[in-house]
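protein-v9.txt, holding compact mmCIF, C-alpha atoms and all ligand atoms:
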# COMPACT_ATOMS: atom_id res chain seq x y z
CA MET A 25 182.86 42.79 66.26
CA ARG A 26 181.68 44.03 62.95
CA ALA A 27 179.84 46.96 64.50
CA SER A 28 182.90 47.94 66.48
CA ALA A 29 185.03 47.67 63.35
CA ARG A 30 182.64 50.01 61.65
CA ALA A 31 182.77 52.37 64.59
CA ARG A 32 186.55 52.38 64.47
CA GLY A 33 186.50 53.02 60.75
CA CYS A 34 184.10 55.87 61.19
CA ALA A 35 186.11 57.34 64.03
CA ALA A 36 189.27 57.12 61.96
CA ALA A 37 187.58 58.90 59.12
CA LEU A 38 186.38 61.64 61.37
CA ALA A 39 189.69 61.95 63.19
CA ALA A 40 191.38 62.48 59.86
CA ALA A 41 188.81 65.12 59.05
CA LEU A 42 188.32 63.49 55.72
CA LEU A 43 184.59 63.89 55.54
CA SER A 44 182.02 65.67 57.60
CA ALA A 45 180.07 62.63 58.76
CA CYS A 46 179.73 58.94 58.20
CA SER A 47 176.19 59.41 56.96
CA LEU A 48 177.32 61.78 54.20
CA VAL A 49 175.21 61.40 51.11
CA ARG A 50 177.01 60.83 47.84
CA PRO A 51 176.51 64.12 46.03
CA LEU A 52 175.60 62.75 42.64
CA HIS A 53 173.90 59.49 43.45
CA GLY A 54 171.78 60.17 46.48
CA LEU A 55 173.19 57.12 48.23
CA THR A 56 173.98 56.94 51.92
CA CYS A 57 177.00 54.93 52.96
CA GLU A 58 175.89 51.41 53.86
CA PRO A 59 178.78 49.12 54.80
CA GLY A 60 177.95 45.59 53.77
CA ALA A 61 175.42 46.61 51.11
CA GLY A 62 177.98 46.15 48.33
CA ASN A 63 176.55 49.08 46.38
CA ALA A 64 179.62 51.30 46.21
CA SER A 65 177.91 53.86 48.40
CA CYS A 66 180.81 54.80 50.70
CA LEU A 67 183.27 57.57 49.89
CA TYR A 68 186.95 57.81 50.70
CA GLY A 69 187.45 57.62 54.46
CA GLN A 70 184.05 56.11 55.22
CA PRO A 71 183.66 52.69 56.86
CA CYS A 72 183.29 49.53 54.83
CA ASP A 73 183.09 45.77 55.11
CA ALA A 74 184.31 44.98 51.60
CA SER A 75 185.72 46.75 48.56
CA ALA A 76 182.31 46.55 46.87
CA ASP A 77 181.03 49.00 49.48
CA CYS A 78 183.44 51.69 48.35
CA THR A 79 183.35 54.22 45.53
CA THR A 80 187.14 54.08 45.77
CA ALA A 81 187.11 50.39 44.75
CA ALA A 82 189.12 49.34 47.84
CA CYS A 83 188.28 48.64 51.49
CA THR A 84 191.39 48.50 53.66
CA GLU A 85 191.15 47.83 57.41
CA GLY A 86 187.51 48.81 57.46
CA VAL A 87 187.91 52.14 55.69
CA CYS A 88 187.40 53.02 52.02
CA GLN A 89 190.79 53.93 50.59
CA CYS A 90 192.41 54.16 47.18
CA PRO A 91 193.84 50.94 45.71
CA ALA A 92 197.64 50.74 45.62
CA SER A 93 197.61 51.29 41.87
CA MET A 94 195.93 54.68 42.32
CA VAL A 95 196.95 58.02 43.80
CA THR A 96 194.82 59.60 46.52
CA ILE A 97 193.85 63.14 45.57
CA GLU A 98 193.17 65.55 48.43
CA SER A 99 191.74 62.78 50.65
CA SER A 100 188.76 62.76 48.35
CA PHE A 101 189.09 60.59 45.25
CA CYS A 102 191.51 58.32 43.40
CA VAL A 103 193.24 58.43 40.02
CA ASP A 104 195.17 55.64 38.31
CA ARG A 105 198.92 56.16 38.64
CA THR A 106 199.43 55.45 34.96
CA GLU A 107 197.62 55.32 31.68
CA VAL A 108 195.94 51.91 31.29
CA SER A 109 198.46 49.54 29.71
CA ASN A 110 198.02 47.06 26.90
CA ALA A 111 198.55 44.26 29.42
CA ALA A 112 195.80 45.52 31.70
CA TYR A 113 193.43 46.00 28.80
CA ARG A 114 194.16 42.54 27.43
CA ALA A 115 193.37 41.09 30.87
CA PHE A 116 190.01 42.85 30.67
CA LEU A 117 189.35 41.38 27.21
CA ALA A 118 190.24 37.92 28.52
CA THR A 119 187.23 38.10 30.87
CA ARG A 120 184.99 38.27 27.79
CA PRO A 121 183.07 41.36 28.93
CA ASP A 122 179.50 41.62 27.68
CA VAL A 123 178.89 44.41 25.16
CA ALA A 124 175.15 44.19 25.87
CA ALA A 125 175.72 45.70 29.32
CA GLN A 126 176.42 49.19 27.93
CA GLU A 127 174.31 52.33 28.16
CA PRO A 128 172.17 53.28 25.12
CA PHE A 129 174.69 55.87 23.91
CA CYS A 130 177.25 53.05 23.66
CA SER A 131 174.96 50.48 22.09
CA PHE A 132 176.74 51.06 18.77
CA ASN A 133 179.87 49.60 20.31
CA SER A 134 179.80 46.00 19.15
CA THR A 135 183.27 45.04 20.38
CA PHE A 136 185.72 46.03 23.10
CA ASP A 137 188.68 44.77 21.06
CA PHE A 138 191.57 47.01 20.09
CA ASP A 139 190.73 48.55 16.72
CA ASP A 140 194.12 47.57 15.30
CA THR A 141 193.49 44.68 12.93
CA GLY A 142 191.37 44.03 9.89
CA PRO A 143 190.49 46.13 6.84
CA ASP A 144 188.48 48.72 8.77
CA ALA A 145 191.16 49.51 11.31
CA PRO A 146 192.71 52.98 10.99
CA PRO A 147 196.18 52.61 9.44
CA VAL A 148 197.77 54.36 12.43
CA CYS A 149 196.26 51.70 14.67
CA THR A 150 197.73 48.77 12.78
CA THR A 151 201.20 50.06 13.59
CA ARG A 152 200.58 51.14 17.19
CA ARG A 153 202.94 49.91 19.95
CA LYS A 154 201.34 46.74 21.26
CA GLU A 155 203.86 45.71 23.93
CA ASP A 156 202.40 45.00 27.37
CA GLU A 157 203.88 48.05 29.06
CA HIS A 158 202.75 50.57 26.45
CA PRO A 159 199.41 52.35 26.84
CA ALA A 160 196.22 50.79 25.53
CA THR A 161 195.40 52.84 22.43
CA CYS A 162 192.93 52.48 19.57
CA VAL A 163 190.07 51.93 22.00
CA ASP A 164 186.99 54.14 21.77
CA TRP A 165 185.36 56.08 24.61
CA CYS A 166 182.88 53.27 25.30
CA ASP A 167 185.66 50.67 25.49
CA ALA A 168 187.47 52.84 28.03
CA ARG A 169 184.32 53.34 30.06
CA ALA A 170 183.63 49.60 30.15
CA PHE A 171 187.19 48.83 31.24
CA CYS A 172 186.99 51.25 34.17
CA LYS A 173 183.56 49.96 35.16
CA SER A 174 184.86 46.40 35.22
CA HIS A 175 187.29 47.47 37.95
CA GLY A 176 184.67 49.29 40.03
CA LYS A 177 186.03 52.58 38.71
CA ARG A 178 184.90 55.09 36.09
CA LEU A 179 186.26 57.37 33.42
CA CYS A 180 187.47 60.50 35.18
CA GLY A 181 184.76 63.16 35.20
CA GLU A 182 182.96 65.09 37.90
CA ARG A 183 184.25 64.61 41.43
CA HIS A 184 182.69 61.47 42.90
CA GLY A 185 181.43 60.40 39.48
CA GLY A 186 179.20 61.51 36.66
CA PRO A 187 179.90 63.50 33.51
CA LEU A 188 181.34 66.99 33.34
CA PRO A 189 179.46 69.57 31.28
CA PHE A 190 181.01 69.40 27.82
CA ARG A 191 180.92 73.15 27.28
CA GLY A 192 181.85 73.93 30.85
CA GLY A 193 185.15 75.33 31.99
CA MET A 194 188.17 73.17 31.40
CA ALA A 195 189.68 73.90 34.80
CA GLN A 196 187.41 71.51 36.67
CA GLY A 197 186.85 67.86 37.29
CA GLU A 198 188.89 64.94 38.55
CA TRP A 199 191.35 64.69 35.68
CA PHE A 200 192.18 68.41 35.72
CA ASP A 201 192.47 68.48 39.51
CA ALA A 202 194.91 65.58 39.44
CA CYS A 203 197.01 66.91 36.55
CA SER A 204 197.20 70.47 37.80
CA LYS A 205 197.47 69.72 41.53
CA HIS A 206 194.15 71.42 42.10
CA GLY A 207 194.90 74.26 39.72
CA ALA A 208 198.45 75.05 40.83
CA LEU A 209 200.26 73.69 37.75
CA ALA A 210 199.87 74.47 34.06
CA HIS A 211 201.35 71.13 33.09
CA SER A 212 201.60 68.10 35.35
CA THR A 213 205.32 68.78 35.72
CA GLY A 214 204.78 72.52 36.23
CA GLU A 215 206.72 73.77 33.28
CA PHE A 216 206.40 71.08 30.63
CA ASP A 217 209.30 68.66 31.04
CA ALA A 218 210.30 67.84 27.47
CA LEU A 219 212.93 65.38 28.62
CA GLN A 220 210.74 63.25 30.88
CA CYS A 221 207.39 63.62 29.13
CA ASN A 222 206.49 62.36 25.67
CA GLY A 223 205.06 65.36 23.85
CA ASP A 224 207.03 65.43 20.62
CA SER A 225 207.77 62.05 19.08
CA THR A 226 206.31 59.46 16.76
CA GLU A 227 205.07 56.79 19.19
CA THR A 228 204.11 55.95 22.75
CA VAL A 229 206.49 55.13 25.58
CA PRO A 230 205.70 52.69 28.44
CA VAL A 231 203.07 53.95 30.88
CA GLY A 232 205.58 53.76 33.75
CA ASP A 233 205.59 51.91 37.04
CA ASP A 234 206.72 52.21 40.64
CA THR A 235 210.38 52.09 39.67
CA SER A 236 210.03 54.63 36.87
CA LEU A 237 209.21 58.20 37.74
CA ALA A 238 209.11 59.36 34.13
CA CYS A 239 206.95 62.44 33.69
CA GLU A 240 205.68 62.37 37.27
CA GLY A 241 203.14 64.99 38.46
CA GLY A 242 200.77 66.86 39.34
CA TYR A 243 200.44 64.69 42.50
CA LEU A 244 203.27 62.39 43.48
CA GLY A 245 202.97 59.01 41.81
CA LEU A 246 200.99 60.11 38.75
CA GLN A 247 202.80 59.62 35.45
CA HIS A 248 202.30 60.97 31.94
CA MET A 249 199.33 63.19 32.74
CA SER A 250 200.98 65.51 30.22
CA GLY A 251 201.67 63.77 26.93
CA ASN A 252 202.26 60.17 25.83
CA VAL A 253 198.58 59.48 25.06
CA ARG A 254 195.70 61.94 25.36
CA GLU A 255 193.12 60.51 27.72
CA TRP A 256 189.37 60.04 27.35
CA GLU A 257 187.31 61.96 29.89
CA ASP A 258 183.66 61.63 30.94
CA ALA A 259 182.64 64.83 29.18
CA CYS A 260 180.61 64.45 25.97
CA SER A 261 178.50 66.79 23.88
CA ASP A 262 175.40 64.57 23.82
CA ASP A 263 174.08 61.21 25.01
CA VAL A 264 173.16 59.96 21.55
CA GLY A 265 175.80 57.68 20.11
CA PRO A 266 179.00 57.28 18.12
CA GLY A 267 179.09 60.83 16.74
CA ASP A 268 178.89 62.58 20.11
CA LEU A 269 182.02 64.59 20.79
CA CYS A 270 183.95 63.62 23.90
CA ARG A 271 186.92 65.31 25.48
CA THR A 272 190.45 64.02 25.72
CA ARG A 273 193.02 65.49 28.08
CA GLY A 274 196.70 66.23 28.35
CA GLY A 275 197.96 66.04 24.78
CA ALA A 276 200.00 63.22 23.29
CA PHE A 277 203.27 62.21 21.68
CA ASP A 278 202.08 63.82 18.43
CA SER A 279 201.52 67.25 19.99
CA GLY A 280 204.77 68.46 18.51
CA GLY A 281 205.86 69.84 21.85
CA ALA A 282 203.12 72.46 21.61
CA LEU A 283 202.80 73.65 25.20
CA GLU A 284 199.19 74.73 24.71
CA GLU A 285 198.14 71.23 23.67
CA LEU A 286 199.90 69.58 26.59
CA ARG A 287 198.39 71.72 29.32
CA CYS A 288 196.18 70.30 32.05
CA ASP A 289 193.34 72.56 30.91
CA ALA A 290 193.71 71.89 27.17
CA ARG A 291 190.67 70.67 25.27
CA ASP A 292 190.77 68.15 22.45
CA GLU A 293 187.47 66.82 21.15
CA ARG A 294 187.08 63.46 19.46
CA GLU A 295 184.04 61.48 18.40
CA ARG A 296 182.90 58.89 20.92
CA ALA A 297 183.54 56.07 18.45
CA ASP A 298 186.94 57.39 17.40
CA THR A 299 189.96 55.14 17.74
CA ASP A 300 193.49 56.43 17.36
CA HIS A 301 197.03 55.52 18.28
CA THR A 302 197.34 58.77 20.22
CA ILE A 303 194.29 58.21 22.47
CA GLY A 304 194.28 56.15 25.66
CA PHE A 305 192.79 56.61 29.12
CA ARG A 306 193.05 56.10 32.84
CA CYS A 307 190.35 55.58 35.45
CA CYS A 308 189.16 57.40 38.55
CA SER A 309 187.27 56.23 41.62
CA GLY A 310 186.13 57.52 44.97
CA CA B 1 184.93 49.40 20.61
CA CA B 2 198.74 61.08 29.08
Exercise: express the given structure as structure tokens:
Amino acid sequence: MRASARARGCAAALAAALLSACSLVRPLHGLTCEPGAGNASCLYGQPCDASADCTTAACTEGVCQCPASMVTIESSFCVDRTEVSNAAYRAFLATRPDVAAQEPFCSFNSTFDFDDTGPDAPPVCTTRRKEDEHPATCVDWCDARAFCKSHGKRLCGERHGGPLPFRGGMAQGEWFDACSKHGALAHSTGEFDALQCNGDSTETVPVGDDTSLACEGGYLGLQHMSGNVREWEDACSDDVGPGDLCRTRGGAFDSGGALEELRCDARDERERADTDHTIGFRCCSG
């Protein structure tokens, strides 16, 4: 039964011409798809027994697919429909995630909490929009990484995972591909849509949901890739610690409507430990 389910899943994947073979090796991890191993070794379209088998973070009817809360990009990988919300981030905090489980370059990060209270919090963070539906801001790069990891996802970076070269071209990687519809769009909405997107204001707007199509694009279902909050990406200058520079993408509400800042290929560098009311994130998988 299980073997035949696998066979069906594999056949479906092949029939859809999603991937060249069911034994495809994950490019960056050297893993071969092993349904049932629970080691996130199977790519989009490959067979699976459980979601833990999939790099996409979801196994549906025996095939690795993108979760409903993500958009499928070119039958290859998955990107969160929206920026991560305060509600989602608070749910993560409620699980009491362990800060000791971070990589050495994040060992400085002693808390995953929002940096919006107490005497050391940046003033702009103490006044950030904290409602459930607004984006999670005032979290550093390591906080964002840990959140994504807790969901079987990752910060968007190289296709199928791993960091992008910090000094490499900006027109590459999962986040850019999603925002630009694989290079076809300058902004996620094509021409920047100043009415629908939040690129010239004083605060965030809600991240959006299935009933709100505000600032939708590059691919259908994605929202606020241009503007609202700039988004942490897995692209850092070094693997040392809090002072490493890491990229953010897409511009934010404080971009003053500057089209150059809001482009899919715009670069904005912030320190890994930086927290700001203009910086949020979303996750990728697959
Ligand atoms: Ca932190
Ligand atoms: Ca954004």
Per-axis box centre and lengths in Å around region 170-178 of chain A, 4 Å margin per side, axis-aligned, as JSON:
{"center_x": 185.4, "center_y": 50.7, "center_z": 35.1, "size_x": 11.7, "size_y": 16.7, "size_z": 17.9}
Requested in this report: Quote the spacing between atom CA of ligand CA 2 (chain B) and CA of Arg169 (chain A) in Å to one decimal place.
Outcome: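 CA of Arg169 (chain A) lies 16.4 Å from atom CA of ligand CA 2 (chain B).
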Query - Two-atom distance - CA of Asn252 (chain A), CA of Gly265 (chain A) (Å) - result: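 Interatomic distance here is 27.2 Å.
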Query raised in the report: ligand CA 1 (chain B): which residues are within 6 Å, counting only C-alpha atoms and all ligand atoms, as a list in words?
Result: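 So the residues close to ligand CA 1 (chain B) are Asn133, Thr135, Phe136, Asp137, Val163, Asp164 and Asp167 of chain A.
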Report task. Kindly provide, as a PyMOL selection string, all nucleotide and amino acid residues lying within 6 Å of ligand CA 2 (chain B), counting all atoms listed in the file. Result -> chain A and resi 248-255+274
Query raised in the report: Near Ala282 (chain A), counting all atoms listed in the file, which residues have an atom at most 12 Å away, once you skip same-chain residues fewer than 2 positions from it, shown as a list of chain:residue names?
Result: A:His211, A:Phe216, A:Asp217, A:Ala218, A:Asn222, A:Gly223, A:Asp224, A:Ser225, A:Ser250, A:Gly251, A:Gly274, A:Gly275, A:Ala276, A:Phe277, A:Asp278, A:Ser279, A:Gly280, A:Glu284, A:Glu285, A:Leu286, A:Arg287, A:Ala290
